[in-house]
Amino acid sequence: MVAHSDRNEQSKRRPAHAFAAASSSVMLALPLLNACGVAGEPAAGGTQAAPTVTIMAPLHFPHPPHEDVVREIERLTEVELDIEWVPNEIYTDKMNTALTTNSLKKVTFVKSTDYIYMKPSIRMGAFWEIGPYLQEFPNLKHLNADILQQAAVEGNIYGLYTERPSSRQGVILRKDWLDALQLETPRTIDELYEVMRRFTTDDPDGNGMADTIGLADRNDLTYGAFKTLASYFGAPNHWGVEGDTLVPEFETQPYMDAMNFMRKLYKEGLINQDFAVTSKQRQRDMLIRGQAGVYIGSMTDVQRLSDEAKKVNPKAELTLSNRIEGPYGIRVWSIPNYNGLYLFSKKSIPTEDELRRILRFFDETMDSDVANLMRYGFEGRHHLVKDGMVALPEEMSSARVAEVNALHSLMIADLNNPNLMRVGEGEPLMEFAERLSQDNEKFIVRDPTARLESPTYDEKGASLYKIISDATYNYILGHMDEAQFREQIRRWRENGGNDIIREYSEAYFAQ
């Protein structure tokens, strides 16, 4: 739990909506032109220049945050922000390029799924160990020790985490299509299949044309449909425990069952035939434009999907399902409680004093005035306040999405930050999604290796995973049979997989 900062009494006296005079350099995936402005560097006239904090962060929305909001953050925190907003779809490639060319910003976000790429550089000393500094800051010193340890490397803390629930995974469906076909919200795998089949074959939009499919999916085996479906079938979360050893998920029968299910969807045309090369944006567009009726992934996507679908068809309605029963009951995979980490480059931040100033910036983003600005935007423009709680009127939704929501990627430990105002009147579908995400906690399947380390996995895991992901796609697409898939597992084992199994098993049973 994050404690209220002593600075909050001072921050309450800050003008709430004054804009900074200095311009902000917020760009969309463009090279940064100015990396100067080190903490304490004198400016013209003998005054101290505001330190520049350069950041590479993922952009999950069509546009970066509005300049007015960023300028206000700069004013409140007394820094100049130079943020490279990189579209989420290409973020991993962009981050890897910066890493391999030794051109990292002072602060770089790394997704939890990409953390493996950074660990060798962390071990080689490319990033600051920030653990010893956290106690110096009134908010950072109260970060969740358990979450920090989930991302530790050899027990050391290198990153500030962005927080998330254990599982937001579920099914988003066109409710108006369910109603048109007199179908109930699916509660089992068989019912989910039947919904997808009838959304494909029974003209759910009533236009007399065969122009709809059941499931829209994308080229992501983790955050697309596959891993969630695999958990419904009973697959372990990355690793299962069998006897005295850990077993990779792709060697289990439920993983094979999930592949067979998706292979059936593909063969019967119930899923977009190009899903293996489809981007998330294209996947979203299929649901928004009424080309598909089912989206399996983060349930918190539902409000934005609904808002955009209604612009295309005002009669479009979406709903959610999170309890899909399979052969082993109701299960859903979980993720570490950090969505990603902000790491601090030693090359770009050469001194402890500058590191402390940048950590101070992140500490101040957790103060009441800054945190609420980053979460909700300006009162009267992006939200209202009623009885001490935030109201998020639907008529302000477009402005929030366009001007504020991209900033959520910068928020540290926001789920348990008591300095954030709570929502009294929220967007109904978002509230529904958050309620079901909390319900997921009752039946989540955790990854037994989440806090374990395997040197071989850190070194070879990413390249070895490509063997399995390629084989999974090829099996689903009908280009491989089961024997050929298992041959790829043998290849994975011989090229380092056996060492990963041994190292994780030893670490697990030594706990």
# chains A, B, ... in the order shown; residues from 1 in each chain; ligands from 1
call {"tool": "residues_around", "arguments": {"residues": "Arg164 (chain A)", "least_positions_apart": "6", "cutoff": "6 Å", "atoms": "only C-alpha atoms", "output": "PyMOL selection string"}}
result
chain A and resi 337-339
call {"tool": "residues_around", "arguments": {"residues": "Asn495 (chain A)", "least_positions_apart": "5", "cutoff": "9 Å", "atoms": "only C-alpha atoms", "output": "count of residues only"}}
result
3
call {"tool": "select_by_dssp", "arguments": {"residues": "region 245-445 of chain A", "states": "alpha helix (DSSP H)", "output": "mmCIF file with N, CA, C and O atoms, in the first residue's frame"}}
result
data_model
loop_
_atom_site.group_PDB
_atom_site.id
_atom_site.type_symbol
_atom_site.label_atom_id
_atom_site.label_comp_id
_atom_site.auth_asym_id
_atom_site.auth_seq_id
_atom_site.Cartn_x
_atom_site.Cartn_y
_atom_site.Cartn_z
ATOM 1 N N GLN A 253 -1.707 -32.247 -22.253
ATOM 2 C CA GLN A 253 -2.860 -32.552 -23.097
ATOM 3 C C GLN A 253 -3.813 -31.365 -23.239
ATOM 4 O O GLN A 253 -4.326 -31.122 -24.343
ATOM 5 N N PRO A 254 -4.075 -30.588 -22.172
ATOM 6 C CA PRO A 254 -4.969 -29.430 -22.367
ATOM 7 C C PRO A 254 -4.459 -28.427 -23.398
ATOM 8 O O PRO A 254 -5.260 -27.801 -24.094
ATOM 9 N N TYR A 255 -3.140 -28.262 -23.505
ATOM 10 C CA TYR A 255 -2.587 -27.376 -24.537
ATOM 11 C C TYR A 255 -2.922 -27.931 -25.921
ATOM 12 O O TYR A 255 -3.339 -27.183 -26.815
ATOM 13 N N MET A 256 -2.770 -29.235 -26.068
ATOM 14 C CA MET A 256 -3.131 -29.880 -27.337
ATOM 15 C C MET A 256 -4.622 -29.742 -27.611
ATOM 16 O O MET A 256 -5.050 -29.473 -28.750
ATOM 17 N N ASP A 257 -5.451 -29.863 -26.557
ATOM 18 C CA ASP A 257 -6.905 -29.702 -26.725
ATOM 19 C C ASP A 257 -7.243 -28.297 -27.208
ATOM 20 O O ASP A 257 -8.128 -28.114 -28.055
ATOM 21 N N ALA A 258 -6.558 -27.293 -26.658
ATOM 22 C CA ALA A 258 -6.806 -25.913 -27.079
ATOM 23 C C ALA A 258 -6.384 -25.708 -28.533
ATOM 24 O O ALA A 258 -7.077 -25.017 -29.299
ATOM 25 N N MET A 259 -5.261 -26.290 -28.927
ATOM 26 C CA MET A 259 -4.844 -26.203 -30.333
ATOM 27 C C MET A 259 -5.876 -26.857 -31.239
ATOM 28 O O MET A 259 -6.208 -26.320 -32.311
ATOM 29 N N ASN A 260 -6.386 -28.006 -30.826
ATOM 30 C CA ASN A 260 -7.395 -28.693 -31.645
ATOM 31 C C ASN A 260 -8.673 -27.864 -31.749
ATOM 32 O O ASN A 260 -9.326 -27.831 -32.802
ATOM 33 N N PHE A 261 -9.043 -27.184 -30.668
ATOM 34 C CA PHE A 261 -10.225 -26.326 -30.689
ATOM 35 C C PHE A 261 -10.041 -25.192 -31.688
ATOM 36 O O PHE A 261 -10.928 -24.928 -32.515
ATOM 37 N N MET A 262 -8.889 -24.521 -31.634
ATOM 38 C CA MET A 262 -8.650 -23.424 -32.565
ATOM 39 C C MET A 262 -8.474 -23.935 -33.995
ATOM 40 O O MET A 262 -8.868 -23.257 -34.951
ATOM 41 N N ARG A 263 -7.916 -25.124 -34.126
ATOM 42 C CA ARG A 263 -7.783 -25.726 -35.474
ATOM 43 C C ARG A 263 -9.171 -25.958 -36.080
ATOM 44 O O ARG A 263 -9.390 -25.734 -37.273
ATOM 45 N N LYS A 264 -10.110 -26.376 -35.219
ATOM 46 C CA LYS A 264 -11.490 -26.575 -35.669
ATOM 47 C C LYS A 264 -12.130 -25.251 -36.058
ATOM 48 O O LYS A 264 -12.803 -25.154 -37.102
ATOM 49 N N LEU A 265 -11.928 -24.216 -35.236
ATOM 50 C CA LEU A 265 -12.464 -22.890 -35.575
ATOM 51 C C LEU A 265 -11.932 -22.421 -36.922
ATOM 52 O O LEU A 265 -12.681 -21.869 -37.740
ATOM 53 N N TYR A 266 -10.640 -22.640 -37.141
ATOM 54 C CA TYR A 266 -10.009 -22.198 -38.392
ATOM 55 C C TYR A 266 -10.560 -22.985 -39.587
ATOM 56 O O TYR A 266 -10.932 -22.401 -40.609
ATOM 57 N N LYS A 267 -10.628 -24.293 -39.429
ATOM 58 C CA LYS A 267 -11.095 -25.148 -40.533
ATOM 59 C C LYS A 267 -12.539 -24.837 -40.903
ATOM 60 O O LYS A 267 -12.912 -24.852 -42.085
ATOM 61 N N LYS A 280 -3.430 -6.205 -33.514
ATOM 62 C CA LYS A 280 -4.482 -5.940 -32.530
ATOM 63 C C LYS A 280 -5.457 -4.898 -33.060
ATOM 64 O O LYS A 280 -6.670 -5.011 -32.840
ATOM 65 N N GLN A 281 -4.958 -3.886 -33.763
ATOM 66 C CA GLN A 281 -5.843 -2.848 -34.292
ATOM 67 C C GLN A 281 -6.834 -3.439 -35.284
ATOM 68 O O GLN A 281 -8.023 -3.115 -35.262
ATOM 69 N N ARG A 282 -6.353 -4.323 -36.157
ATOM 70 C CA ARG A 282 -7.244 -4.971 -37.124
ATOM 71 C C ARG A 282 -8.247 -5.868 -36.398
ATOM 72 O O ARG A 282 -9.434 -5.912 -36.756
ATOM 73 N N GLN A 283 -7.790 -6.581 -35.367
ATOM 74 C CA GLN A 283 -8.693 -7.419 -34.579
ATOM 75 C C GLN A 283 -9.809 -6.569 -33.965
ATOM 76 O O GLN A 283 -10.991 -6.925 -34.026
ATOM 77 N N ARG A 284 -9.446 -5.447 -33.383
ATOM 78 C CA ARG A 284 -10.422 -4.549 -32.773
ATOM 79 C C ARG A 284 -11.408 -4.030 -33.822
ATOM 80 O O ARG A 284 -12.620 -3.973 -33.576
ATOM 81 N N ASP A 285 -10.877 -3.655 -34.971
ATOM 82 C CA ASP A 285 -11.728 -3.107 -36.028
ATOM 83 C C ASP A 285 -12.786 -4.109 -36.480
ATOM 84 O O ASP A 285 -13.911 -3.717 -36.837
ATOM 85 N N MET A 286 -12.438 -5.383 -36.484
ATOM 86 C CA MET A 286 -13.403 -6.397 -36.901
ATOM 87 C C MET A 286 -14.602 -6.422 -35.964
ATOM 88 O O MET A 286 -15.753 -6.568 -36.396
ATOM 89 N N LEU A 287 -14.359 -6.281 -34.664
ATOM 90 C CA LEU A 287 -15.470 -6.239 -33.717
ATOM 91 C C LEU A 287 -16.215 -4.914 -33.838
ATOM 92 O O LEU A 287 -17.457 -4.875 -33.855
ATOM 93 N N ILE A 288 -15.483 -3.826 -33.921
ATOM 94 C CA ILE A 288 -16.083 -2.491 -33.986
ATOM 95 C C ILE A 288 -16.993 -2.365 -35.214
ATOM 96 O O ILE A 288 -18.095 -1.802 -35.133
ATOM 97 N N VAL A 302 -13.432 -3.404 -23.175
ATOM 98 C CA VAL A 302 -14.829 -3.412 -23.623
ATOM 99 C C VAL A 302 -15.428 -2.018 -23.764
ATOM 100 O O VAL A 302 -16.188 -1.770 -24.721
ATOM 101 N N GLN A 303 -15.097 -1.093 -22.860
ATOM 102 C CA GLN A 303 -15.734 0.219 -22.933
ATOM 103 C C GLN A 303 -15.335 0.962 -24.201
ATOM 104 O O GLN A 303 -16.184 1.522 -24.899
ATOM 105 N N ARG A 304 -14.034 0.948 -24.482
ATOM 106 C CA ARG A 304 -13.579 1.645 -25.685
ATOM 107 C C ARG A 304 -14.104 0.962 -26.943
ATOM 108 O O ARG A 304 -14.503 1.632 -27.904
ATOM 109 N N LEU A 305 -14.134 -0.363 -26.961
ATOM 110 C CA LEU A 305 -14.683 -1.081 -28.110
ATOM 111 C C LEU A 305 -16.158 -0.722 -28.307
ATOM 112 O O LEU A 305 -16.618 -0.507 -29.431
ATOM 113 N N SER A 306 -16.890 -0.637 -27.209
ATOM 114 C CA SER A 306 -18.313 -0.299 -27.289
ATOM 115 C C SER A 306 -18.508 1.118 -27.811
ATOM 116 O O SER A 306 -19.350 1.356 -28.695
ATOM 117 N N ASP A 307 -17.735 2.061 -27.281
ATOM 118 C CA ASP A 307 -17.860 3.449 -27.723
ATOM 119 C C ASP A 307 -17.627 3.569 -29.227
ATOM 120 O O ASP A 307 -18.354 4.284 -29.931
ATOM 121 N N GLU A 308 -16.612 2.859 -29.720
ATOM 122 C CA GLU A 308 -16.290 2.963 -31.139
ATOM 123 C C GLU A 308 -17.289 2.190 -31.994
ATOM 124 O O GLU A 308 -17.609 2.602 -33.116
ATOM 125 N N ALA A 309 -17.789 1.062 -31.473
ATOM 126 C CA ALA A 309 -18.781 0.290 -32.234
ATOM 127 C C ALA A 309 -20.074 1.075 -32.408
ATOM 128 O O ALA A 309 -20.728 0.999 -33.462
ATOM 129 N N LYS A 310 -20.446 1.844 -31.395
ATOM 130 C CA LYS A 310 -21.680 2.626 -31.478
ATOM 131 C C LYS A 310 -21.573 3.763 -32.500
ATOM 132 O O LYS A 310 -22.576 4.216 -33.040
ATOM 133 N N LYS A 311 -20.358 4.215 -32.759
ATOM 134 C CA LYS A 311 -20.186 5.226 -33.797
ATOM 135 C C LYS A 311 -20.473 4.638 -35.178
ATOM 136 O O LYS A 311 -20.944 5.339 -36.080
ATOM 137 N N VAL A 312 -20.175 3.348 -35.347
ATOM 138 C CA VAL A 312 -20.443 2.665 -36.610
ATOM 139 C C VAL A 312 -21.897 2.240 -36.694
ATOM 140 O O VAL A 312 -22.553 2.376 -37.731
ATOM 141 N N GLU A 352 24.412 9.546 -9.645
ATOM 142 C CA GLU A 352 23.382 9.239 -8.652
ATOM 143 C C GLU A 352 22.448 10.427 -8.450
ATOM 144 O O GLU A 352 21.248 10.236 -8.219
ATOM 145 N N ASP A 353 22.980 11.632 -8.508
ATOM 146 C CA ASP A 353 22.140 12.807 -8.311
ATOM 147 C C ASP A 353 21.048 12.885 -9.369
ATOM 148 O O ASP A 353 19.887 13.203 -9.072
ATOM 149 N N GLU A 354 21.422 12.596 -10.624
ATOM 150 C CA GLU A 354 20.398 12.638 -11.671
ATOM 151 C C GLU A 354 19.406 11.496 -11.505
ATOM 152 O O GLU A 354 18.194 11.667 -11.724
ATOM 153 N N LEU A 355 19.894 10.327 -11.118
ATOM 154 C CA LEU A 355 18.981 9.210 -10.868
ATOM 155 C C LEU A 355 17.976 9.592 -9.789
ATOM 156 O O LEU A 355 16.767 9.341 -9.940
ATOM 157 N N ARG A 356 18.462 10.194 -8.722
ATOM 158 C CA ARG A 356 17.555 10.596 -7.643
ATOM 159 C C ARG A 356 16.515 11.600 -8.142
ATOM 160 O O ARG A 356 15.341 11.542 -7.751
ATOM 161 N N ARG A 357 16.910 12.523 -9.009
ATOM 162 C CA ARG A 357 15.955 13.508 -9.502
ATOM 163 C C ARG A 357 14.893 12.851 -10.367
ATOM 164 O O ARG A 357 13.711 13.221 -10.323
ATOM 165 N N ILE A 358 15.284 11.855 -11.157
ATOM 166 C CA ILE A 358 14.304 11.160 -11.995
ATOM 167 C C ILE A 358 13.391 10.292 -11.140
ATOM 168 O O ILE A 358 12.176 10.226 -11.369
ATOM 169 N N LEU A 359 13.956 9.637 -10.126
ATOM 170 C CA LEU A 359 13.109 8.869 -9.208
ATOM 171 C C LEU A 359 12.143 9.792 -8.473
ATOM 172 O O LEU A 359 10.992 9.421 -8.216
ATOM 173 N N ARG A 360 12.604 10.995 -8.153
ATOM 174 C CA ARG A 360 11.717 11.962 -7.517
ATOM 175 C C ARG A 360 10.547 12.307 -8.422
ATOM 176 O O ARG A 360 9.408 12.455 -7.966
ATOM 177 N N PHE A 361 10.810 12.431 -9.736
ATOM 178 C CA PHE A 361 9.706 12.687 -10.666
ATOM 179 C C PHE A 361 8.662 11.589 -10.565
ATOM 180 O O PHE A 361 7.455 11.853 -10.446
ATOM 181 N N PHE A 362 9.086 10.317 -10.624
ATOM 182 C CA PHE A 362 8.125 9.218 -10.556
ATOM 183 C C PHE A 362 7.424 9.190 -9.201
ATOM 184 O O PHE A 362 6.227 8.883 -9.115
ATOM 185 N N ASP A 363 8.136 9.519 -8.134
ATOM 186 C CA ASP A 363 7.515 9.605 -6.821
ATOM 187 C C ASP A 363 6.413 10.656 -6.820
ATOM 188 O O ASP A 363 5.312 10.442 -6.288
ATOM 189 N N GLU A 364 6.673 11.803 -7.445
ATOM 190 C CA GLU A 364 5.698 12.884 -7.470
ATOM 191 C C GLU A 364 4.500 12.572 -8.369
ATOM 192 O O GLU A 364 3.419 13.138 -8.180
ATOM 193 N N SER A 368 -1.256 13.257 -5.036
ATOM 194 C CA SER A 368 -2.671 13.393 -5.369
ATOM 195 C C SER A 368 -2.919 14.219 -6.623
ATOM 196 O O SER A 368 -3.647 13.799 -7.528
ATOM 197 N N ASP A 369 -2.295 15.393 -6.710
ATOM 198 C CA ASP A 369 -2.613 16.276 -7.835
ATOM 199 C C ASP A 369 -2.151 15.696 -9.162
ATOM 200 O O ASP A 369 -2.866 15.741 -10.163
ATOM 201 N N VAL A 370 -0.952 15.105 -9.188
ATOM 202 C CA VAL A 370 -0.431 14.573 -10.439
ATOM 203 C C VAL A 370 -1.125 13.263 -10.807
ATOM 204 O O VAL A 370 -1.519 13.049 -11.959
ATOM 205 N N ALA A 371 -1.281 12.376 -9.841
ATOM 206 C CA ALA A 371 -1.892 11.074 -10.121
ATOM 207 C C ALA A 371 -3.311 11.226 -10.651
ATOM 208 O O ALA A 371 -3.703 10.552 -11.613
ATOM 209 N N ASN A 372 -4.086 12.112 -10.042
ATOM 210 C CA ASN A 372 -5.464 12.299 -10.508
ATOM 211 C C ASN A 372 -5.519 12.960 -11.869
ATOM 212 O O ASN A 372 -6.406 12.665 -12.681
ATOM 213 N N LEU A 373 -4.565 13.842 -12.154
ATOM 214 C CA LEU A 373 -4.487 14.436 -13.491
ATOM 215 C C LEU A 373 -4.175 13.371 -14.533
ATOM 216 O O LEU A 373 -4.788 13.333 -15.616
ATOM 217 N N MET A 374 -3.225 12.504 -14.233
ATOM 218 C CA MET A 374 -2.835 11.467 -15.182
ATOM 219 C C MET A 374 -3.941 10.430 -15.381
ATOM 220 O O MET A 374 -4.098 9.875 -16.468
ATOM 221 N N ARG A 375 -4.703 10.165 -14.338
ATOM 222 C CA ARG A 375 -5.766 9.164 -14.448
ATOM 223 C C ARG A 375 -7.029 9.733 -15.094
ATOM 224 O O ARG A 375 -7.639 9.090 -15.961
ATOM 225 N N TYR A 376 -7.439 10.938 -14.670
ATOM 226 C CA TYR A 376 -8.755 11.441 -15.064
ATOM 227 C C TYR A 376 -8.720 12.713 -15.913
ATOM 228 O O TYR A 376 -9.745 13.094 -16.473
ATOM 229 N N SER A 397 -16.252 11.027 -22.555
ATOM 230 C CA SER A 397 -15.442 9.840 -22.816
ATOM 231 C C SER A 397 -14.467 10.048 -23.972
ATOM 232 O O SER A 397 -13.289 9.684 -23.884
ATOM 233 N N SER A 398 -14.945 10.642 -25.062
ATOM 234 C CA SER A 398 -14.073 10.823 -26.228
ATOM 235 C C SER A 398 -12.876 11.690 -25.902
ATOM 236 O O SER A 398 -11.753 11.414 -26.334
ATOM 237 N N ALA A 399 -13.093 12.741 -25.120
ATOM 238 C CA ALA A 399 -11.987 13.618 -24.739
ATOM 239 C C ALA A 399 -10.997 12.893 -23.837
ATOM 240 O O ALA A 399 -9.779 13.077 -23.968
ATOM 241 N N ARG A 400 -11.491 12.066 -22.920
ATOM 242 C CA ARG A 400 -10.582 11.304 -22.050
ATOM 243 C C ARG A 400 -9.712 10.361 -22.865
ATOM 244 O O ARG A 400 -8.501 10.268 -22.655
ATOM 245 N N VAL A 401 -10.352 9.649 -23.785
ATOM 246 C CA VAL A 401 -9.603 8.681 -24.592
ATOM 247 C C VAL A 401 -8.555 9.395 -25.435
ATOM 248 O O VAL A 401 -7.403 8.968 -25.522
ATOM 249 N N ALA A 402 -8.938 10.489 -26.053
ATOM 250 C CA ALA A 402 -8.043 11.175 -26.990
ATOM 251 C C ALA A 402 -6.946 11.959 -26.288
ATOM 252 O O ALA A 402 -5.829 12.074 -26.806
ATOM 253 N N GLU A 403 -7.217 12.487 -25.101
ATOM 254 C CA GLU A 403 -6.301 13.459 -24.503
ATOM 255 C C GLU A 403 -5.612 12.990 -23.231
ATOM 256 O O GLU A 403 -4.586 13.549 -22.845
ATOM 257 N N PRO A 428 -20.318 2.303 -17.399
ATOM 258 C CA PRO A 428 -20.924 1.041 -16.946
ATOM 259 C C PRO A 428 -20.187 -0.213 -17.405
ATOM 260 O O PRO A 428 -20.005 -1.142 -16.612
ATOM 261 N N LEU A 429 -19.768 -0.264 -18.652
ATOM 262 C CA LEU A 429 -19.076 -1.461 -19.120
ATOM 263 C C LEU A 429 -17.705 -1.601 -18.477
ATOM 264 O O LEU A 429 -17.261 -2.717 -18.180
ATOM 265 N N MET A 430 -17.009 -0.476 -18.232
ATOM 266 C CA MET A 430 -15.714 -0.551 -17.559
ATOM 267 C C MET A 430 -15.893 -1.046 -16.126
ATOM 268 O O MET A 430 -15.109 -1.872 -15.635
ATOM 269 N N GLU A 431 -16.926 -0.565 -15.443
ATOM 270 C CA GLU A 431 -17.193 -1.043 -14.089
ATOM 271 C C GLU A 431 -17.494 -2.544 -14.097
ATOM 272 O O GLU A 431 -17.053 -3.283 -13.213
ATOM 273 N N PHE A 432 -18.252 -3.003 -15.095
ATOM 274 C CA PHE A 432 -18.568 -4.421 -15.245
ATOM 275 C C PHE A 432 -17.278 -5.219 -15.435
ATOM 276 O O PHE A 432 -17.063 -6.260 -14.785
ATOM 277 N N ALA A 433 -16.393 -4.740 -16.309
ATOM 278 C CA ALA A 433 -15.127 -5.432 -16.573
ATOM 279 C C ALA A 433 -14.262 -5.508 -15.321
ATOM 280 O O ALA A 433 -13.641 -6.547 -15.032
ATOM 281 N N GLU A 434 -14.203 -4.428 -14.578
ATOM 282 C CA GLU A 434 -13.384 -4.428 -13.358
ATOM 283 C C GLU A 434 -13.962 -5.358 -12.301
ATOM 284 O O GLU A 434 -13.226 -6.022 -11.574
ATOM 285 N N ARG A 435 -15.282 -5.413 -12.235
ATOM 286 C CA ARG A 435 -15.924 -6.333 -11.280
ATOM 287 C C ARG A 435 -15.625 -7.794 -11.642
ATOM 288 O O ARG A 435 -15.323 -8.616 -10.764
ATOM 289 N N LEU A 436 -15.682 -8.126 -12.934
ATOM 290 C CA LEU A 436 -15.381 -9.500 -13.352
ATOM 291 C C LEU A 436 -13.898 -9.814 -13.193
ATOM 292 O O LEU A 436 -13.531 -10.959 -12.913
ATOM 293 N N SER A 437 -13.025 -8.813 -13.359
ATOM 294 C CA SER A 437 -11.599 -9.027 -13.132
ATOM 295 C C SER A 437 -11.345 -9.393 -11.678
ATOM 296 O O SER A 437 -10.506 -10.258 -11.375
ATOM 297 N N GLN A 438 -12.055 -8.749 -10.771
ATOM 298 C CA GLN A 438 -11.946 -9.111 -9.358
ATOM 299 C C GLN A 438 -12.480 -10.523 -9.122
ATOM 300 O O GLN A 438 -11.922 -11.292 -8.335
ATOM 301 N N ASP A 439 -13.548 -10.870 -9.813
ATOM 302 C CA ASP A 439 -14.111 -12.221 -9.680
ATOM 303 C C ASP A 439 -13.121 -13.279 -10.153
ATOM 304 O O ASP A 439 -13.071 -14.385 -9.602
ATOM 305 N N ASN A 440 -12.314 -12.944 -11.168
ATOM 306 C CA ASN A 440 -11.312 -13.892 -11.667
ATOM 307 C C ASN A 440 -10.353 -14.355 -10.580
ATOM 308 O O ASN A 440 -9.799 -15.464 -10.653
#
call {"tool": "select_by_dssp", "arguments": {"residues": "region 189-410 of chain A", "states": "strand (DSSP E or B)", "output": "PyMOL selection string"}}
result
chain A and resi 213-216+237+239-242+245-248+271+292-298+318-321+325-326+329-330+332-333+338-345+379+383-386+389-391
call {"tool": "atom_distance", "arguments": {"atom1": "CA of Gln511 (chain A)", "atom2": "CA of Gly496 (chain A)"}}
result
23.2 Å
